[in-house]
$ cat structure_4.txt   # compact mmCIF, C-alpha atoms
# COMPACT_ATOMS: atom_id res chain seq x y z
CA MET A 1 86.79 101.42 82.66
CA GLU A 2 90.55 101.17 82.23
CA THR A 3 92.06 100.63 78.80
CA HIS A 4 95.02 98.33 78.13
CA ASN A 5 97.56 101.18 77.91
CA GLU A 6 96.19 102.80 81.03
CA ASN A 7 96.48 99.49 82.85
CA VAL A 8 100.24 99.45 82.48
CA GLU A 9 100.53 103.18 83.07
CA ILE A 10 98.78 102.84 86.42
CA ILE A 11 101.52 100.48 87.56
CA LEU A 12 104.38 102.31 85.86
CA ARG A 13 103.40 105.58 87.51
CA HIS A 14 104.08 104.06 90.92
CA PHE A 15 106.92 101.73 89.91
CA PRO A 16 108.90 103.52 87.17
CA GLY A 17 111.81 101.07 87.22
CA LEU A 18 109.93 98.07 85.81
CA THR A 19 111.54 96.14 82.95
CA PRO A 20 109.90 95.61 79.54
CA TRP A 21 109.30 91.97 80.48
CA GLN A 22 107.49 92.97 83.67
CA LEU A 23 105.35 95.51 81.84
CA GLU A 24 104.44 92.94 79.21
CA ALA A 25 103.51 90.41 81.90
CA TYR A 26 101.33 92.91 83.73
CA GLY A 27 99.76 93.94 80.44
CA ARG A 28 98.69 90.36 79.72
CA LEU A 29 96.79 89.95 82.97
CA GLN A 30 93.62 91.58 81.65
CA GLU A 31 93.26 89.10 78.81
CA LEU A 32 94.19 86.07 80.92
CA TYR A 33 91.79 86.88 83.74
CA SER A 34 89.03 87.89 81.34
CA ASP A 35 89.31 84.54 79.57
CA TRP A 36 89.11 82.62 82.81
CA ASN A 37 86.38 84.80 84.25
CA ALA A 38 84.20 83.92 81.28
CA LYS A 39 84.41 80.28 82.43
CA ILE A 40 84.34 80.56 86.21
CA ASN A 41 83.91 83.43 88.62
CA VAL A 42 87.53 84.05 89.60
CA ILE A 43 87.06 87.77 90.22
CA SER A 44 83.83 89.65 90.72
CA ARG A 45 82.61 90.50 87.24
CA ALA A 46 81.89 94.02 88.45
CA ASP A 47 85.60 94.35 89.27
CA MET A 48 87.00 93.21 85.91
CA GLY A 49 86.95 96.75 84.55
CA ASN A 50 89.09 97.83 87.50
CA LEU A 51 91.35 94.78 87.67
CA TYR A 52 94.57 96.80 87.72
CA THR A 53 93.59 99.18 90.50
CA ARG A 54 91.61 96.91 92.79
CA HIS A 55 93.64 93.73 92.38
CA VAL A 56 97.03 94.22 90.67
CA LEU A 57 98.07 97.56 92.17
CA HIS A 58 96.49 96.68 95.50
CA SER A 59 98.66 93.54 95.57
CA LEU A 60 101.73 95.63 94.78
CA ALA A 61 101.18 97.70 97.91
CA ILE A 62 103.05 94.86 99.61
CA ALA A 63 106.01 95.47 97.29
CA ALA A 64 105.90 99.18 98.09
CA PHE A 65 106.01 98.29 101.79
CA LEU A 66 108.68 95.57 101.63
CA GLY A 67 110.97 97.30 99.14
CA PRO A 68 113.83 95.33 97.53
CA LEU A 69 114.18 91.69 98.59
CA GLU A 70 117.21 89.45 98.43
CA PRO A 71 117.23 86.89 95.59
CA GLY A 72 115.94 83.55 96.80
CA THR A 73 113.55 85.04 99.34
CA GLU A 74 110.65 82.61 99.82
CA ILE A 75 107.10 83.89 100.17
CA LEU A 76 103.85 82.06 100.92
CA ASP A 77 100.60 83.53 99.57
CA LEU A 78 98.03 82.09 101.97
CA GLY A 79 94.52 81.85 100.52
CA THR A 80 95.57 83.25 97.16
CA GLY A 81 92.14 82.94 95.54
CA GLY A 82 92.61 84.01 91.95
CA GLY A 83 96.31 84.69 92.49
CA PHE A 84 96.33 87.89 94.52
CA PRO A 85 98.63 89.16 95.82
CA GLY A 86 100.95 86.33 94.68
CA ILE A 87 100.91 86.68 90.88
CA PRO A 88 101.55 90.46 90.74
CA LEU A 89 104.28 90.07 93.37
CA ALA A 90 105.93 87.19 91.50
CA ILE A 91 106.18 89.42 88.42
CA PHE A 92 107.61 92.22 90.55
CA TYR A 93 110.15 89.96 92.30
CA PRO A 94 111.25 87.51 89.58
CA ARG A 95 114.27 86.36 91.65
CA CYS A 96 112.16 85.44 94.68
CA ARG A 97 110.15 82.23 95.06
CA PHE A 98 106.40 82.20 95.64
CA HIS A 99 104.16 79.37 96.82
CA LEU A 100 100.44 80.06 96.31
CA VAL A 101 97.97 78.02 98.37
CA ASP A 102 94.19 77.90 98.28
CA ARG A 103 91.59 75.36 99.34
CA ILE A 104 89.41 75.97 96.25
CA GLY A 105 90.70 73.71 93.50
CA LYS A 106 89.25 75.57 90.54
CA LYS A 107 90.94 78.80 91.61
CA ILE A 108 94.30 77.11 92.01
CA ARG A 109 93.91 75.71 88.49
CA VAL A 110 93.41 79.26 87.23
CA VAL A 111 96.46 80.50 89.13
CA ALA A 112 98.65 77.67 87.82
CA ASP A 113 97.51 78.30 84.25
CA ILE A 114 98.14 82.05 84.45
CA ALA A 115 101.58 81.51 85.97
CA GLN A 116 102.42 79.06 83.18
CA ASN A 117 101.15 81.40 80.47
CA LEU A 118 103.31 84.20 81.87
CA GLY A 119 106.35 81.94 82.20
CA LEU A 120 106.61 82.52 85.95
CA ALA A 121 109.12 79.84 86.87
CA ASN A 122 109.27 81.32 90.39
CA VAL A 123 105.67 80.30 91.20
CA THR A 124 104.45 77.00 92.62
CA THR A 125 100.86 76.25 93.61
CA GLN A 126 99.14 73.96 96.08
CA HIS A 127 95.52 72.94 96.47
CA GLY A 128 94.69 72.63 100.16
CA ASP A 129 94.41 74.51 103.42
CA ASP A 130 97.25 75.94 105.46
CA GLY A 131 97.70 72.73 107.44
CA GLU A 132 98.61 70.84 104.29
CA CYS A 133 101.53 73.13 103.56
CA ARG A 134 104.54 71.86 105.54
CA ARG A 135 107.15 74.37 104.40
CA ARG A 136 108.49 77.48 106.08
CA PHE A 137 109.02 80.84 104.42
CA ASP A 138 110.59 84.25 104.90
CA TYR A 139 107.26 86.04 104.55
CA VAL A 140 103.59 85.18 104.48
CA VAL A 141 101.39 87.48 102.40
CA SER A 142 97.63 87.46 102.20
CA ARG A 143 94.63 89.54 101.31
CA ALA A 144 91.85 89.49 103.92
CA VAL A 145 91.26 85.73 103.89
CA MET A 146 90.32 85.48 107.58
CA SER A 147 90.24 87.51 110.78
CA LEU A 148 93.57 89.04 111.75
CA PRO A 149 94.06 86.95 114.94
CA ASP A 150 93.43 83.73 113.00
CA LEU A 151 95.68 84.83 110.15
CA VAL A 152 98.51 85.67 112.56
CA ARG A 153 98.16 82.34 114.35
CA VAL A 154 98.26 80.39 111.09
CA SER A 155 101.05 82.46 109.54
CA MET A 156 103.49 82.21 112.43
CA ARG A 157 103.87 78.46 112.04
CA HIS A 158 104.86 78.95 108.39
CA LEU A 159 107.65 81.44 109.13
CA ALA A 160 111.31 80.73 109.77
CA PRO A 161 113.87 83.33 110.89
CA ALA A 162 116.06 84.32 107.96
CA PRO A 163 119.80 83.61 108.46
CA SER A 164 120.43 87.13 107.19
CA PRO A 165 118.13 90.09 106.48
CA ARG A 166 116.00 89.56 103.35
CA GLY A 167 114.88 93.16 103.02
CA ARG A 168 113.99 96.23 105.03
CA HIS A 169 111.59 94.24 107.24
CA ALA A 170 112.28 91.11 109.27
CA PRO A 171 110.44 87.87 108.44
CA GLY A 172 106.75 88.10 109.18
CA LEU A 173 103.19 88.38 107.94
CA VAL A 174 102.33 91.19 105.51
CA CYS A 175 98.63 91.30 104.73
CA LEU A 176 96.19 93.62 103.04
CA LYS A 177 93.10 94.61 104.99
CA GLY A 178 90.26 97.08 104.82
CA ASN A 179 89.81 99.70 107.50
CA VAL A 180 88.30 97.28 110.02
CA LEU A 181 91.13 96.69 112.44
CA ALA A 182 89.94 98.31 115.67
CA GLY A 183 88.46 95.10 117.04
CA GLU A 184 90.62 92.65 115.13
CA ALA A 185 93.89 93.92 116.54
CA ASP A 186 92.76 93.52 120.15
CA GLY A 187 94.42 90.65 121.92
CA LEU A 188 97.03 89.80 119.29
CA GLY A 189 99.63 89.60 122.03
CA ARG A 190 102.51 90.50 119.71
CA PRO A 191 103.89 93.63 118.01
CA PHE A 192 102.28 94.78 114.79
CA ALA A 193 102.28 97.84 112.56
CA ILE A 194 99.58 99.29 110.33
CA THR A 195 100.48 101.35 107.25
CA PRO A 196 97.80 103.01 105.11
CA VAL A 197 98.05 102.00 101.45
CA ALA A 198 97.36 105.68 100.74
CA ASP A 199 100.92 106.36 101.95
CA TYR A 200 102.05 104.81 98.64
CA PHE A 201 99.14 105.15 96.20
CA ASP A 202 96.87 108.17 95.76
CA GLU A 203 93.96 106.51 93.97
CA PRO A 204 90.68 107.00 95.92
CA PHE A 205 90.11 103.24 96.13
CA PHE A 206 92.98 102.96 98.63
CA GLU A 207 91.73 105.51 101.14
CA THR A 208 90.37 102.79 103.43
CA LYS A 209 92.96 100.08 102.67
CA GLU A 210 95.76 99.15 105.03
CA ILE A 211 98.89 97.00 105.19
CA VAL A 212 99.30 95.03 108.40
CA TYR A 213 102.79 93.81 109.29
CA VAL A 214 103.30 91.33 112.10
CA PRO A 215 106.96 90.34 112.51
CA LEU A 216 107.99 86.88 113.54
CA THR A 217 108.98 86.89 117.20
CA SER A 218 110.74 84.02 118.95
$ encode --input "structure_4.txt" --output "structure tokens"
Amino acid sequence: METHNENVEIILRHFPGLTPWQLEAYGRLQELYSDWNAKINVISRADMGNLYTRHVLHSLAIAAFLGPLEPGTEILDLGTGGGFPGIPLAIFYPRCRFHLVDRIGKKIRVVADIAQNLGLANVTTQHGDDGECRRRFDYVVSRAVMSLPDLVRVSMRHLAPAPSPRGRHAPGLVCLKGNVLAGEADGLGRPFAITPVADYFDEPFFETKEIVYVPLTS
């Protein structure tokens, strides 16, 4: 089990430039999610003792991959569930805008409450499926909400080419997957790249985790 101080240290070890505000916000996640998890099953109760490794740090693998982003960059978290990867990323990128969408209303209520408690003015939420979101974004992020071909198909219609580069990677889908891509990647019909999360984080949990990047192509 991780203690409160170790929670923040896990993140700080990989991201040493975080501000005191960011560290405080990350530190509050344990209490906020524990309170909600006592009411509804937002996160597997078996995972609550490893919230920071399996959910917070895992979400931040996307930040490690994307690197710095221009202020005003807009990001859609598709199928956010309990707010992952969107909430940890919104803390990491306070000058970017995040829209978190999920079809399960009770989970979106949790996400909205946690964002409000943390003072995340850069987060908006929406209850519904992807077809009910009409906006376009610089990036779509997600964490294993559907098969890769379906996720790519859905994500591409939510992406708009940026008028100027937003970061080190062009607009596209950045998703977190387990090591199950051999069949999923077949027939995508577009370029993609797979980066092991272990390239950034050395915790054993990440040995089978991967980041999939599919750039928007015209």
$ residues_around --input "structure_4.txt" --residues "A:Pro68" --least-positions-apart "2" --cutoff "9 Å" --atoms "all atoms listed in the file" --output "VMD selection string"
chain A and resid 63 to 64 66 70 93 166 to 168
$ closest_residue --input "structure_4.txt" --among "A:Leu78, A:Leu176, A:Ala160, A:Val212" --to "A:His55" --atoms "all atoms listed in the file"
A:Leu176
$ closest_residue --input "structure_4.txt" --among "A:Leu60, A:Ala46, A:Val123, A:Ile114" --to "A:Phe92" --atoms "all atoms listed in the file"
A:Leu60
$ closest_residue --input "structure_4.txt" --among "A:Thr125, A:Gly82, A:Leu57, A:Ile104" --to "A:Ser44" --atoms "all atoms listed in the file"
A:Gly82
$ closest_residue --input "structure_4.txt" --among "A:Glu210, A:Lys39, A:Asn7, A:Asn50" --to "A:Leu23" --atoms "all atoms listed in the file"
A:Asn7
$ atom_distance --input "structure_4.txt" --atom1 "atom CA of A:Leu188" --atom2 "atom CA of A:Cys175"
14.7 Å
$ residues_around --input "structure_4.txt" --residues "A:Asn37" --least-positions-apart "5" --cutoff "10 Å" --atoms "all atoms listed in the file" --output "list in words"
Glu31, Leu32, Val42, Ile43, Ser44, Arg45, Met48, Gly82 and Val110 of chain A
$ closest_residue --input "structure_4.txt" --among "A:Arg190, A:Arg157, A:Arg103, A:His169" --to "A:Val145" --atoms "only C-alpha atoms"
A:Arg103
$ closest_residue --input "structure_4.txt" --among "A:Tyr52, A:Tyr139, A:Phe206, A:Phe15" --to "A:Glu74" --atoms "only C-alpha atoms"
A:Tyr139
$ residues_around --input "structure_4.txt" --residues "A:Pro94" --least-positions-apart "4" --cutoff "9 Å" --atoms "all atoms listed in the file" --output "VMD selection string"
chain A and resid 22 71 89 to 90 120 to 122
$ closest_atom_pairs --input "structure_4.txt" --of "stretch 31-83 of chain A" --to "stretch 128-131 of chain A" --cutoff "12 Å" --atoms "all atoms listed in the file" --output "JSON lines"
{"residue": "A:Leu76", "atom": "CA", "partner": "A:Asp130", "partner_atom": "CA", "distance": 10.1}
{"residue": "A:Asp77", "atom": "CA", "partner": "A:Asp130", "partner_atom": "CA", "distance": 10.2}
{"residue": "A:Leu78", "atom": "CA", "partner": "A:Asp130", "partner_atom": "CA", "distance": 7.1}
{"residue": "A:Gly79", "atom": "CA", "partner": "A:Asp129", "partner_atom": "CA", "distance": 7.9}
{"residue": "A:Thr80", "atom": "CA", "partner": "A:Asp129", "partner_atom": "CA", "distance": 10.8}
{"residue": "A:Gly81", "atom": "CA", "partner": "A:Gly128", "partner_atom": "CA", "distance": 11.6}
$ atom_distance --input "structure_4.txt" --atom1 "atom CA of A:Ser59" --atom2 "atom CA of A:Phe84"
6.2 Å
$ residues_around --input "structure_4.txt" --residues "A:Thr217" --least-positions-apart "6" --cutoff "9 Å" --atoms "only C-alpha atoms" --output "ChimeraX atom specification"
/A:156,161,171-172,190-191
$ atom_distance --input "structure_4.txt" --atom1 "atom CA of A:Val8" --atom2 "atom CA of A:Gly86"
17.9 Å
